[in-house]
Structures are given as C-alpha cells and as structure tokens.
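Report on one structure; see the data block that follows.
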Amino acid sequence: MPRLITVAAAQLGPIQRADSRGSVVARMLKLMEDAARERADLIVYPELALTTFFPRWYLEDRSQAEPWFESCMPGPETLPLFERARALGMAMSFGYAEATPVGQHFNSSVLVAATGQIVGKYRKIHLPGHVEHDPERTHQHLEKRYFEPGDLGFPVWNCLGGLVGMAICNDRRWPETWRVMGLQGVELVVLGFNTPSVNSQKAGEGLAERMFHHRLSLQAGAYQNATWVVAVAKAGVEDGHHLMGGTMIVDPEGRIVAELDHEADGLLVRTIDLDDTRFGKETIFDFKRHRRIEHYGLITKRTGVGAPLGKGGPEL
Ligand code: CDV
C-alpha cells in the first residue's frame, strides 16, 4: 500500500522592509487556498516567511530588531493561518523569527498538524554570517547578531502518516543535519531558505554557482538518507537585494522531480509516496548494516579541522 501525501511548496516572492505582517499573511493565505484547490495535505512556506530577510540590515541597537520577532505562536497576526489551515484540514510548516519569554532569539520553524496543533518546532542550528557590521562584504548577513544557535537538535515527528523533519536554509549544506534526521528514519524533510544570489565575500560567485550548490546539497541529503525533500524559497528582489528562487521537490533517489522557474509567490504541488523511501533505507543506506560508527568519532569530538590522524604514520 503506498503512503501518498500531496505536498505544496509555497514560494514567497520578495517581502519589502515596509510590508506589514498582515499583507504577508494575506499572501500566505492566498497560496493556502490555491493549495487546497489542488488537494494539498501539507503546505510548506520559506524561512522567515513573515518578514523581509532582516539579517541583511545592521542595527546598532539590537533591540530595534524586536518588531521582526514573534513572541507567541500563533499570535494575533498569524492566527488566521492556523485557523484556515485547520478548516481546510491541511498541515503546514513555516519559518519565523522567534523571541522567547526569557529573551532568547531564534530563527525557527514550526510543523503544524491538520488539527491546528503545533506538533514540532525547530530552531536553526547552522547560523551563517557574522555578528558585527563588516564593511568588506558587498552585503551584510547578520544572522549571528540577531539569533542564537538552535537548542532543540534535529528531531523528526510523526505527522501525516510519516516521519517529518525540519531544517532551515544553511542547514542544508551540512551533512550532519541530514544524517541526524536520517538516523531517526526521516521520510520527508521540509526546508525553507533565503539565499542571496551573490556571495557577499566572493563577487564571482553568482546565481549559477549558488543554484548549483543548492541543488547539490538537497540532492545529496535526500539520496544519502533516502528521504523526500521539499525546499521552499523566499525569492526576488527585497529592497534592492536579490534572493534566488529554486523551490523544488527532491525524491529519495536524489532526483529533482519538480522545480519552480520564477521568483514570485507560487505553488509547486506534487503527490509523493513516502514508501519510496524504503528501497534506499533497506539497501545501500541501511544504516544498521553498513555504518561503522567506531570510525566516526571525530565528527562529534572536533568542530574545526585539526591534526591529521595519520600524521607520522608509514608512507604507503
Ligand atoms: N539564510 C541563509 O542561511 N542563507 C545562507 C547563505 C548566507 C549562504 C544559505 O545557506 O543559503
């Protein structure tokens, strides 16, 4: 018996700094209605879906960033998303800036069941960028200024009859992200991103190369862990800064099965079979039979590059 679910990747076009939360939620609701017409079981929105990608703005006084954060979820402005999704019987996931009651700040995402209950929360672990204004860069990327690294790990939840995990943007470039979820049997990873189309530290690295690394990361993560991936962009030009598109669905063999070809609000809807993950999980990536953890110790013992283990050994 196949385990079919219909997923909708809900790409958002640009959100300008002056755009209100209400106007963004209205756009998200429109996409939700469109997804409902295509009988989607799950809608996935991007990273920091409710605001512009504000880590590009350096604010000397950190507290001035507070209006970009949500202090409760759902809050008054996001409640319509929860209510409408529940009425439509649709699960959803979206990213947002989270402020906790004790003053912590995270780049977070939620997984909301079709009942409207939050079943999972993820806080971005691999924060890119820097803390202070960096005049050497063509644009700022201040995630390390505005957020703390996530403290919830990479859990996987039972949802929609399968095992669903979340990751956010830069997390996709790290094999550890995928493997920790793979070791919990993940069958679907949902992932939102805001990726500037130019590397702020390497002018020659433009859209083509950024897209290459994006696809490479998603396809490798999917294949090596035999999981579906729904990756959703916030795209287009935000206050003069270009974010690339590349919203796509990748199958457990690492193949891109669908991809959006524009940078505006739009949907990519596909029915996927979670049982397609089984072949990979039971053969070449049957972790229990093939992994050799006695040789992987460095991965959790060392953060950066250190001395080679073979140093001083015989030349072979
Ligand atoms: N929002 C992000 O995490 N962006 C990073 C950029 C800075 C490289 C990304 O991995 O796309």
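If you're wondering about the labels, chains in the structure tokens are A, B, ... by order shown, residues count from 1 in each chain, ligands from 1 in order shown.
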With ligand 1 as the partner and 8 Å as the cut-off, tabulate the residues of chain A that qualify, each row holding the nearest pair of atoms and their distance in Å to one decimal, using only C-alpha atoms and all ligand atoms, sorted by chain and rising number, as CSV.
```
residue,atom,partner,partner_atom_place_in_ligand_line,distance
A:Glu47,CA,ligand 1,1 (N),7.4
A:Phe53,CA,ligand 1,1 (N),7.9
A:His126,CA,ligand 1,3 (O),7.7
A:Leu127,CA,ligand 1,3 (O),6.4
A:Pro128,CA,ligand 1,7 (C),5.5
A:Gly129,CA,ligand 1,7 (C),6.2
A:His141,CA,ligand 1,7 (C),6.4
A:Glu143,CA,ligand 1,1 (N),7.8
A:Ile168,CA,ligand 1,3 (O),7.0
A:Cys169,CA,ligand 1,3 (O),4.4
A:Asn170,CA,ligand 1,10 (O),3.2
A:Asp171,CA,ligand 1,10 (O),6.9
A:Arg172,CA,ligand 1,10 (O),7.1
A:Arg173,CA,ligand 1,10 (O),6.6
A:Phe193,CA,ligand 1,1 (N),5.7
A:Asn194,CA,ligand 1,1 (N),4.5
A:Thr195,CA,ligand 1,11 (O),3.9
A:Pro196,CA,ligand 1,6 (C),6.3
A:Asn199,CA,ligand 1,8 (C),7.1
A:His214,CA,ligand 1,11 (O),7.6
```
For those residues, write C-alpha atoms to a file as an mmCIF file, in the first residue's frame.
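Full text of out.cif as output:
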```cif
data_model
loop_
_atom_site.group_PDB
_atom_site.id
_atom_site.type_symbol
_atom_site.label_atom_id
_atom_site.label_comp_id
_atom_site.auth_asym_id
_atom_site.auth_seq_id
_atom_site.Cartn_x
_atom_site.Cartn_y
_atom_site.Cartn_z
ATOM 1 C CA GLU A 47 12.432 30.578 6.182
ATOM 2 C CA PHE A 53 15.134 38.834 5.297
ATOM 3 C CA HIS A 126 23.830 26.308 11.432
ATOM 4 C CA LEU A 127 23.625 30.104 11.506
ATOM 5 C CA PRO A 128 25.684 31.676 8.716
ATOM 6 C CA GLY A 129 27.147 35.159 8.648
ATOM 7 C CA HIS A 141 24.403 38.742 6.652
ATOM 8 C CA GLU A 143 22.192 36.043 11.464
ATOM 9 C CA ILE A 168 16.377 25.854 7.686
ATOM 10 C CA CYS A 169 18.387 27.235 4.784
ATOM 11 C CA ASN A 170 22.109 26.976 5.587
ATOM 12 C CA ASP A 171 21.438 23.701 7.453
ATOM 13 C CA ARG A 172 21.058 22.039 4.047
ATOM 14 C CA ARG A 173 24.765 22.474 3.335
ATOM 15 C CA PHE A 193 15.520 29.269 2.615
ATOM 16 C CA ASN A 194 16.522 32.875 1.857
ATOM 17 C CA THR A 195 19.659 32.649 -0.266
ATOM 18 C CA PRO A 196 21.232 35.813 -1.667
ATOM 19 C CA ASN A 199 28.228 35.525 -2.282
ATOM 20 C CA HIS A 214 21.738 24.453 -3.507
#
```
Subject >> Residue contacts of A:Trp228 (8 Å, only C-alpha atoms) excluding same-chain residues fewer than 3 positions away, as a PyMOL selection string >> reply: chain A and resi 187-189+222+249-252+274+277
Subject >> Selected residue, from A:Thr138, A:Ser217, A:Asn225, A:Ser200, that lies nearest to A:Gly182 when counting only C-alpha atoms >> reply: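 Under the stated criterion, the closest residue is A:Asn225.
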Contact residues around A:Asp265 with only C-alpha atoms at 10 Å, ignoring same-chain residues under 3 positions, as a CSV table (one decimal) with N, CA, C and O atoms, in the first residue's frame:
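Contents of result-v2.csv, freshly written:
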```
chain,number,residue,atom,x,y,z
A,10,ALA,N,5.2,26.4,-1.1
A,10,ALA,CA,4.6,27.7,-1.3
A,10,ALA,C,5.7,28.7,-1.3
A,10,ALA,O,6.0,29.3,-0.2
A,11,GLN,N,6.2,29.0,-2.4
A,11,GLN,CA,7.3,30.0,-2.5
A,11,GLN,C,6.7,31.4,-2.3
A,11,GLN,O,5.6,31.7,-2.8
A,12,LEU,N,7.4,32.2,-1.6
A,12,LEU,CA,7.0,33.6,-1.5
A,12,LEU,C,8.0,34.5,-2.3
A,12,LEU,O,9.2,34.3,-2.3
A,13,GLY,N,7.4,35.4,-3.1
A,13,GLY,CA,8.2,36.4,-3.7
A,13,GLY,C,8.7,37.4,-2.6
A,13,GLY,O,8.6,37.2,-1.4
A,14,PRO,N,9.4,38.5,-3.1
A,14,PRO,CA,10.0,39.3,-2.1
A,14,PRO,C,9.1,40.0,-1.1
A,14,PRO,O,7.9,40.2,-1.4
A,27,ARG,N,-1.0,37.1,1.7
A,27,ARG,CA,-0.4,36.4,0.6
A,27,ARG,C,-0.2,34.9,0.9
A,27,ARG,O,-0.5,34.0,0.0
A,28,MET,N,0.1,34.6,2.1
A,28,MET,CA,0.2,33.2,2.5
A,28,MET,C,-1.1,32.5,2.5
A,28,MET,O,-1.2,31.3,2.1
A,30,LYS,N,-3.6,33.3,0.6
A,30,LYS,CA,-4.0,33.1,-0.9
A,30,LYS,C,-3.3,31.8,-1.4
A,30,LYS,O,-4.0,30.9,-2.1
A,31,LEU,N,-2.0,31.6,-1.1
A,31,LEU,CA,-1.4,30.4,-1.5
A,31,LEU,C,-2.0,29.1,-0.9
A,31,LEU,O,-2.1,28.1,-1.5
A,233,ALA,N,11.8,28.5,-1.3
A,233,ALA,CA,12.5,29.8,-1.3
A,233,ALA,C,11.6,31.0,-1.0
A,233,ALA,O,10.4,31.0,-1.3
A,234,LYS,N,12.2,32.0,-0.3
A,234,LYS,CA,11.7,33.4,-0.5
A,234,LYS,C,12.6,34.0,-1.5
A,234,LYS,O,13.9,33.9,-1.4
A,235,ALA,N,12.1,34.5,-2.6
A,235,ALA,CA,12.9,34.9,-3.7
A,235,ALA,C,12.5,36.3,-4.2
A,235,ALA,O,11.6,36.9,-3.8
A,236,GLY,N,13.4,36.7,-5.2
A,236,GLY,CA,13.2,38.0,-5.8
A,236,GLY,C,13.9,39.1,-5.1
A,236,GLY,O,14.8,38.9,-4.3
A,262,HIS,N,10.4,30.6,-11.4
A,262,HIS,CA,10.2,32.1,-11.2
A,262,HIS,C,10.5,32.5,-9.8
A,262,HIS,O,10.8,31.6,-9.0
```
**OP:** List every residue of stretch 204-268 of chain A that DSSP, applied to the backbone, labels as strand (DSSP E or B), and write the result as a ChimeraX atom specification.
**Re:** /A:228-234,236-238,241-243,248-250,256-259,266-268
Subject >> Minimum-distance residue to A:Glu33, chosen among A:Thr52, A:Asp19, A:Pro76, A:Ala87 (using only C-alpha atoms) >> reply: A:Ala87
**OP:** Would you mind telling me which residue in A:Phe106, A:Phe279, A:Tyr122, A:Phe147 lies nearest to A:Gly165 when using only C-alpha atoms?
**Re:**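 Among A:Phe106, A:Phe279, A:Tyr122, A:Phe147, it is A:Tyr122 that comes nearest to A:Gly165.
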Subject >> Nearest candidate to A:Ala36 (options A:Ala91, A:Gln16, A:Val102, A:Val24; using only C-alpha atoms) >> reply: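 Closest residue, counting only C-alpha atoms: A:Ala91.
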**OP:** Run DSSP on the backbone and grab whatever in stretch 23-264 of chain A lands in alpha helix (DSSP H); send it over as number ranges by chain.
**Re:** A: 23-37, 79-88, 143-146, 175-182, 207-225
Original post:
In Å, how far is it from atom CA of A:Ser197 to atom CA of A:Gly246?
Top reply: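 Atom-to-atom, atom CA of A:Ser197 and atom CA of A:Gly246 are spaced 10.7 Å apart.
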Subject >> atom CA of A:Thr227 to atom CA of A:Glu148, distance in Å rounded to a single decimal >> reply: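 Between atom CA of A:Thr227 and atom CA of A:Glu148 the gap works out to 28.0 Å.
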Which residues are near A:Gly22? Cut-off 8 Å, only C-alpha atoms, ignore same chain within fewer than 3 positions. Put them as an mmCIF file with N, CA and C atoms, in the first residue's frame.
```cif
data_model
loop_
_atom_site.group_PDB
_atom_site.id
_atom_site.type_symbol
_atom_site.label_atom_id
_atom_site.label_comp_id
_atom_site.auth_asym_id
_atom_site.auth_seq_id
_atom_site.Cartn_x
_atom_site.Cartn_y
_atom_site.Cartn_z
ATOM 1 N N VAL A 25 0.716 37.766 5.552
ATOM 2 C CA VAL A 25 -0.197 36.670 5.920
ATOM 3 C C VAL A 25 -1.299 36.538 4.862
ATOM 4 N N ALA A 26 -1.753 37.656 4.322
ATOM 5 C CA ALA A 26 -2.771 37.588 3.259
ATOM 6 C C ALA A 26 -2.226 36.840 2.044
ATOM 7 N N GLU A 77 -1.490 38.023 14.661
ATOM 8 C CA GLU A 77 -1.381 38.184 13.204
ATOM 9 C C GLU A 77 -1.214 36.862 12.459
#
```
**OP:** Would you mind telling me which residue in A:Gln64, A:Thr283, A:Thr51, A:Asn158 lies nearest to A:Asn107 when using only C-alpha atoms?
**Re:**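 Checking each candidate against A:Asn107, we get A:Thr51 as the closest.
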Subject >> Separation of atom CA of A:Leu142 from atom CA of A:Phe54 in Å >> reply: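 Between these atoms lies a distance of 8.4 Å.
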Subject >> Non-local contacts of A:Glu70 (7 Å; only C-alpha atoms; under 6 positions in same chain excluded) as a list in words >> reply: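 Listed by chain and then number, they are Ala97, Glu98 and Ala99 of chain A.
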Subject >> Selected residue, from A:Gly95, A:Gly89, A:Gly297, A:Gly312, that lies nearest to A:Phe69 when counting only C-alpha atoms >> reply: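 For A:Phe69, the nearest of the given residues is A:Gly95.
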Subject >> Distance query A:Glu83 at most 12 Å, only C-alpha atoms, self and fewer than 4 positions along chain excluded, as JSON, numbers by chain >> reply: {"A": [29, 32, 74, 75, 76, 77, 78, 79, 87, 88, 89, 90, 91, 92, 112, 113, 114, 115, 116, 117]}
